[in-house]
Amino acid sequence: MRNTIAVMNTKGGVGKSTLVLALAETLSAQFRKNVLIIDSDSQASISSMLLTAANLHRLQSEGLTIVDLLVASVLNNVAVEWPRFVVGGVSDVDEARTVYLIPSDMQLTLFEREVSKESLHARLRSSISALLGNVRGVFDVIFIDCPPGLSILTESWLREADFHFSPTKPDYVSTCGLEVFRRFKGLNPEMGFADNIGVCVNMKDGHSSVDADYHRWLFNNADNRCFSQPVPRTSALQHASQLSAVERSYVAKYPGESGAAIKAIAEELLSRLAAANLPGAKRPAAPSGPPSPAPIPTVTG
Ligand SMILES: Nc1ncnc2c1ncn2[C@@H]1O[C@H](COP(=O)(O)OP(=O)(O)OP(=O)(O)O)[C@@H](O)[C@H]1O
Ligand SMILES: [Mg+2]
């Protein structure tokens, strides 16, 4: 089953972690899927959206994060029991009981420095490959929440995962972030790379003609495989990152247009995964040719 998805845009703040959270909770609560989130960001933002500060701190102190898993397998070259690092029951949505997390830690940056210093890139890549190979058969969908930028760890996920999913804001800088990512993908094709499962337009203002122009431009570029449904900018999604002290219902966390948009994207994601897993399914061709420049809206007033 090809079901591992690196969530990536080289631009920061486009909603990668927010969409990983919302899609994981939706796939669990509405579609009865087992979802694993691997937090690969040293800022641990998705970990803190899913765990209380006390629980996250406890897991970090007990050495139960992605950093500890990678230090053992890459730096110390010992076999790891990966299930020890998976935390269950992490969502504050009462119907989302099948969301699992491998949390992160600030020490991730130091780990990456050691990998570079000791030239352990190949071992990092084979550890990532082994981990993804193990979780593929256990969970229905696996999201890897990547930080912005192209670190050696992010590159390993992108080369070993089955797919990449790219949230973008409908604005100039975020679409440039996608183009940088596309160029990166075109380098060293012999090293392997995830297939594009799609670009998702996030934080779209329904009243903005500039947002509508960017959305149309992204949608019309077939290489993007843009999801039909954009995610609106809403206060519910803005506040979804704040873990509630008491469990709440799915509709309380994702009311109205927020829940409707995320459900539509989750459904499209599942159908794209199903199509990609059909026997004989063709892998999309790597993008070719120079990227088309993003439209620059006319400034008025
Ligand atoms: N659809 C949305 N509507 C309103 N606010 C949103 C939406 N999506 C994300 N946000 C807000 O945008 C900000 C950035 O979101 P988020 O942290 O998910 O981005 P990111 O791409 O993961 O950032 P980073 O690159 O730092 O990891 C957060 O304050 C979040 O609450
Ligand atoms: Mg993030």
# chains A, B, ... in the order shown; residues from 1 in each chain; ligands from 1

call {"tool": "select_by_dssp", "arguments": {"residues": "segment 22-125 of chain A", "states": "strand (DSSP E)", "output": "PyMOL selection string"}}
result
chain A and resi 35-39+99-102

call {"tool": "residues_near_ligand", "arguments": {"ligand": "ligand 1", "cutoff": "10 Å", "atoms": "only C-alpha atoms and all ligand atoms", "output": "PyMOL selection string"}}
result
chain A and resi 7-22+40-46+49+145-149+166-169+174+201-205+230-242+258+261-262

call {"tool": "residues_around", "arguments": {"residues": "Val78 of chain A", "least_positions_apart": "3", "cutoff": "12 Å", "atoms": "only C-alpha atoms", "output": "PDB file with C-alpha atoms, in the first residue's frame"}}
result
ATOM      1  CA  ASP A  68      15.428   9.527  19.842  1.00  0.00           C
ATOM      2  CA  LEU A  69      14.281   7.025  17.212  1.00  0.00           C
ATOM      3  CA  LEU A  70      16.624   8.531  14.596  1.00  0.00           C
ATOM      4  CA  VAL A  71      19.571   8.948  16.977  1.00  0.00           C
ATOM      5  CA  ALA A  72      19.341   5.242  17.848  1.00  0.00           C
ATOM      6  CA  SER A  73      19.040   4.002  14.282  1.00  0.00           C
ATOM      7  CA  VAL A  74      21.276   6.506  12.457  1.00  0.00           C
ATOM      8  CA  LEU A  75      23.925   7.698  14.928  1.00  0.00           C
ATOM      9  CA  GLU A  81      11.311  -0.882  18.180  1.00  0.00           C
ATOM     10  CA  TRP A  82       9.368   1.812  16.319  1.00  0.00           C
ATOM     11  CA  ARG A 123      22.205   5.681   6.824  1.00  0.00           C
ATOM     12  CA  SER A 127      16.484   4.387   8.493  1.00  0.00           C
TER      13      SER A 127
END

call {"tool": "residues_around", "arguments": {"residues": "Ala266 of chain A", "least_positions_apart": "3", "cutoff": "8 Å", "atoms": "only C-alpha atoms", "output": "VMD selection string"}}
result
chain A and resid 23 26 to 27 262 to 263 269 to 270

call {"tool": "write_last_selection", "arguments": {"atoms": "N, CA and C atoms", "output": "mmCIF file, in the first residue's frame"}}
result
data_model
loop_
_atom_site.group_PDB
_atom_site.id
_atom_site.type_symbol
_atom_site.label_atom_id
_atom_site.label_comp_id
_atom_site.auth_asym_id
_atom_site.auth_seq_id
_atom_site.Cartn_x
_atom_site.Cartn_y
_atom_site.Cartn_z
ATOM 1 N N LEU A 23 -6.859 17.226 8.567
ATOM 2 C CA LEU A 23 -7.094 16.043 7.718
ATOM 3 C C LEU A 23 -7.015 14.766 8.542
ATOM 4 N N THR A 26 -10.153 14.488 10.569
ATOM 5 C CA THR A 26 -11.292 14.216 9.690
ATOM 6 C C THR A 26 -11.262 12.775 9.192
ATOM 7 N N LEU A 27 -10.081 12.312 8.782
ATOM 8 C CA LEU A 27 -9.977 10.923 8.291
ATOM 9 C C LEU A 27 -10.337 9.943 9.397
ATOM 10 N N ILE A 262 -12.684 20.648 4.613
ATOM 11 C CA ILE A 262 -11.699 19.621 4.988
ATOM 12 C C ILE A 262 -12.234 18.226 4.636
ATOM 13 N N LYS A 263 -13.536 18.028 4.829
ATOM 14 C CA LYS A 263 -14.112 16.715 4.480
ATOM 15 C C LYS A 263 -13.986 16.453 2.971
ATOM 16 N N LEU A 269 -8.566 13.097 -1.251
ATOM 17 C CA LEU A 269 -7.269 12.478 -0.943
ATOM 18 C C LEU A 269 -7.402 10.950 -0.930
ATOM 19 N N LEU A 270 -8.467 10.461 -0.282
ATOM 20 C CA LEU A 270 -8.667 9.007 -0.232
ATOM 21 C C LEU A 270 -8.886 8.435 -1.632
#

call {"tool": "select_by_dssp", "arguments": {"residues": "segment 8-224 of chain A", "states": "helix (DSSP H, G or I)", "output": "MDAnalysis selection string"}}
result
chainID A and resid 16:29 45:50 53:61 66:75 82:85 108:117 121:136 152:160 172:186 189:191 209:220 222:224

call {"tool": "closest_atom_pairs", "arguments": {"of": "segment 135-202 of chain A", "to": "segment 109-112 of chain A", "cutoff": "10 Å", "atoms": "only C-alpha atoms", "output": "JSON lines"}}
result
{"residue": "A:Ser151", "atom": "CA", "partner": "A:Glu112", "partner_atom": "CA", "distance": 8.1}
{"residue": "A:Ile152", "atom": "CA", "partner": "A:Glu112", "partner_atom": "CA", "distance": 7.1}
{"residue": "A:Leu153", "atom": "CA", "partner": "A:Glu112", "partner_atom": "CA", "distance": 7.0}

call {"tool": "atom_distance", "arguments": {"atom1": "atom CA of Lys33 of chain A", "atom2": "atom CA of Phe139 of chain A"}}
result
7.9 Å

call {"tool": "closest_residue", "arguments": {"among": "A:Val99, A:Met1, A:Ile37, A:Leu218", "to": "Tyr172 of chain A", "atoms": "only C-alpha atoms"}}
result
A:Leu218

call {"tool": "residues_around", "arguments": {"residues": "segment 193-195 of chain A", "least_positions_apart": "2", "cutoff": "8 Å", "atoms": "only C-alpha atoms", "output": "PyMOL selection string"}}
result
chain A and resi 158-164+185+189+191+197+283-284

call {"tool": "closest_residue", "arguments": {"among": "A:Asn134, A:Ser208, A:Ser228, A:Ser104", "to": "ligand 2", "atoms": "only C-alpha atoms and all ligand atoms"}}
result
A:Ser104

call {"tool": "residues_around", "arguments": {"residues": "Ser28 of chain A", "least_positions_apart": "6", "cutoff": "8 Å", "atoms": "only C-alpha atoms", "output": "PyMOL selection string"}}
result
chain A and resi 34-35+95-99

call {"tool": "write_last_selection", "arguments": {"atoms": "N, CA and C atoms", "output": "PDB file, in the first residue's frame"}}
result
ATOM      1  N   ASN A  34      -7.204   4.806  10.345  1.00  0.00           N
ATOM      2  CA  ASN A  34      -6.101   4.890  11.309  1.00  0.00           C
ATOM      3  C   ASN A  34      -5.047   5.794  10.696  1.00  0.00           C
ATOM      4  N   VAL A  35      -4.729   6.882  11.393  1.00  0.00           N
ATOM      5  CA  VAL A  35      -3.814   7.868  10.810  1.00  0.00           C
ATOM      6  C   VAL A  35      -2.611   8.069  11.731  1.00  0.00           C
ATOM      7  N   GLU A  95     -14.673  12.112  18.531  1.00  0.00           N
ATOM      8  CA  GLU A  95     -14.888  11.011  17.566  1.00  0.00           C
ATOM      9  C   GLU A  95     -13.585  10.563  16.897  1.00  0.00           C
ATOM     10  N   ALA A  96     -12.500  11.315  17.079  1.00  0.00           N
ATOM     11  CA  ALA A  96     -11.234  10.994  16.380  1.00  0.00           C
ATOM     12  C   ALA A  96     -10.330  10.170  17.288  1.00  0.00           C
ATOM     13  N   ARG A  97     -10.672   8.906  17.445  1.00  0.00           N
ATOM     14  CA  ARG A  97      -9.946   8.055  18.397  1.00  0.00           C
ATOM     15  C   ARG A  97      -8.804   7.284  17.742  1.00  0.00           C
ATOM     16  N   THR A  98      -8.598   7.480  16.446  1.00  0.00           N
ATOM     17  CA  THR A  98      -7.581   6.673  15.749  1.00  0.00           C
ATOM     18  C   THR A  98      -6.511   7.562  15.110  1.00  0.00           C
ATOM     19  N   VAL A  99      -6.160   8.633  15.836  1.00  0.00           N
ATOM     20  CA  VAL A  99      -5.035   9.476  15.393  1.00  0.00           C
ATOM     21  C   VAL A  99      -3.841   9.132  16.280  1.00  0.00           C
TER      22      VAL A  99
END

call {"tool": "closest_residue", "arguments": {"among": "A:Asn55, A:Thr175, A:Gln30, A:Ser47", "to": "ligand 2", "atoms": "only C-alpha atoms and all ligand atoms"}}
result
A:Ser47

call {"tool": "atom_distance", "arguments": {"atom1": "atom CA of Asp105 of chain A", "atom2": "atom CA of Val173 of chain A"}}
result
28.2 Å
